[in-house]
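Only one structure is covered here, and it is reproduced in the block below.
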Amino acid sequence: VDAFHAESFEVAVETNGTQPAPRGLDWICVSPKANASLRLTNGDELKLVFPQREPDAQPERFEHLQFRHFMLQPMDGPEIVDNTRRAVEYCLAHPRWRLSLQTHKLLGLR
C-alpha cells in the first residue's frame, strides 16, 4: 500500500470481510458472503448481492455496521430481471440502501 501511495496511486479493495484490512487503504468495499464470519465491520462501502437465500445474509443484518454507503447488487443469473426489480423495490422501501449495477454485464461485456 505504501509503495502505491509513493507513486501517487490510491488503493481500493473489495473483500468478503473475513480478514482485517491492511492499514492505509483509501477505499474499502466489503461484500459479505452467507455463512462467513465477518471480521471487517467498517469501511467505505458494504455491497450485498441481493436477494440472498440465507437468513444470515439479509440486508437488515448489516445495517448497524459502520459503512458510509450501503449497496444492493442484483444477483446475476437467469433471474436477473426479477432480482433487479426486487433490489430496486428494496432500495425504495429502505432508503439507506442504494442500487449497485454491474454495468459491464448490462452492456454484454462479460
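Starting from 1 in every chain, residues are counted up; chains themselves are A, B, ... following the order of the C-alpha cells, and ligands are numbered from 1 as listed.
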Query - Shell around Met75 of chain A at 12 Å using only C-alpha atoms, local window under 2 positions removed, as a list in words - result: Lys47, Leu48, Val49, Phe50, Pro51, Gln52, Arg53, Leu72, Gln73, Gly77, Pro78, Glu79, Ile80, Val81, Asp82, Asn83, Thr84, Arg85, Arg86, Ala87, Leu99, Ser100, Leu101, Gln102 and Lys105 of chain A
Requested in this report: Enumerate, as a VMD selection string, the complete set of residues in segment 47-103 of chain A that a backbone-based DSSP assignment places in alpha helix (DSSP H).
Outcome: chain A and resid 80 to 93 103
Please dump the current selection as a PDB file, in the first residue's frame; keep C-alpha atoms.
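Saved the output as out_15.pdb:
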ATOM      1  CA  ILE A  80     -31.530 -11.153 -13.201  1.00  0.00           C
ATOM      2  CA  VAL A  81     -34.602  -9.185 -14.343  1.00  0.00           C
ATOM      3  CA  ASP A  82     -36.650 -10.253 -11.318  1.00  0.00           C
ATOM      4  CA  ASN A  83     -33.681  -9.827  -8.979  1.00  0.00           C
ATOM      5  CA  THR A  84     -33.108  -6.300 -10.284  1.00  0.00           C
ATOM      6  CA  ARG A  85     -36.769  -5.433  -9.757  1.00  0.00           C
ATOM      7  CA  ARG A  86     -36.626  -6.812  -6.213  1.00  0.00           C
ATOM      8  CA  ALA A  87     -33.423  -4.909  -5.432  1.00  0.00           C
ATOM      9  CA  VAL A  88     -34.946  -1.654  -6.712  1.00  0.00           C
ATOM     10  CA  GLU A  89     -38.070  -2.223  -4.626  1.00  0.00           C
ATOM     11  CA  TYR A  90     -35.998  -2.933  -1.536  1.00  0.00           C
ATOM     12  CA  CYS A  91     -33.930   0.227  -2.028  1.00  0.00           C
ATOM     13  CA  LEU A  92     -37.053   2.332  -2.488  1.00  0.00           C
ATOM     14  CA  ALA A  93     -38.556   0.913   0.704  1.00  0.00           C
ATOM     15  CA  THR A 103     -22.503  -2.027 -15.937  1.00  0.00           C
TER      16      THR A 103
END
**Report entry** Coordinates-based distance that separates atom CA of Ile28 of chain A from atom CA of Ala3 of chain A (Å, one decimal)
**Finding:** 17.8 Å
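Neighbouring residues of Glu14 of chain A at 8 Å or closer, counting only C-alpha atoms and skipping chain neighbours under 6 positions away, are Ile28, Cys29, Val30 and Ser31 of chain A.
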Query raised in the report: Can you list, as a VMD selection string, every residue of chain A that DSSP puts in strand (DSSP E)?
Result: chain A and resid 12 to 15 27 to 30 42 to 50 66 to 74 97 to 99
Report task. Please identify all polymer residues within 12 Å of Val13 of chain A, counting only C-alpha atoms, omitting same-chain residues fewer than 5 positions from it, and present them as a count of residues only. Result -> 17
Query - Selection near Asn35 of chain A, 9 Å with only C-alpha atoms, sequence-local residues under 5 positions removed, as number ranges by chain - result: A: 54, 56-57
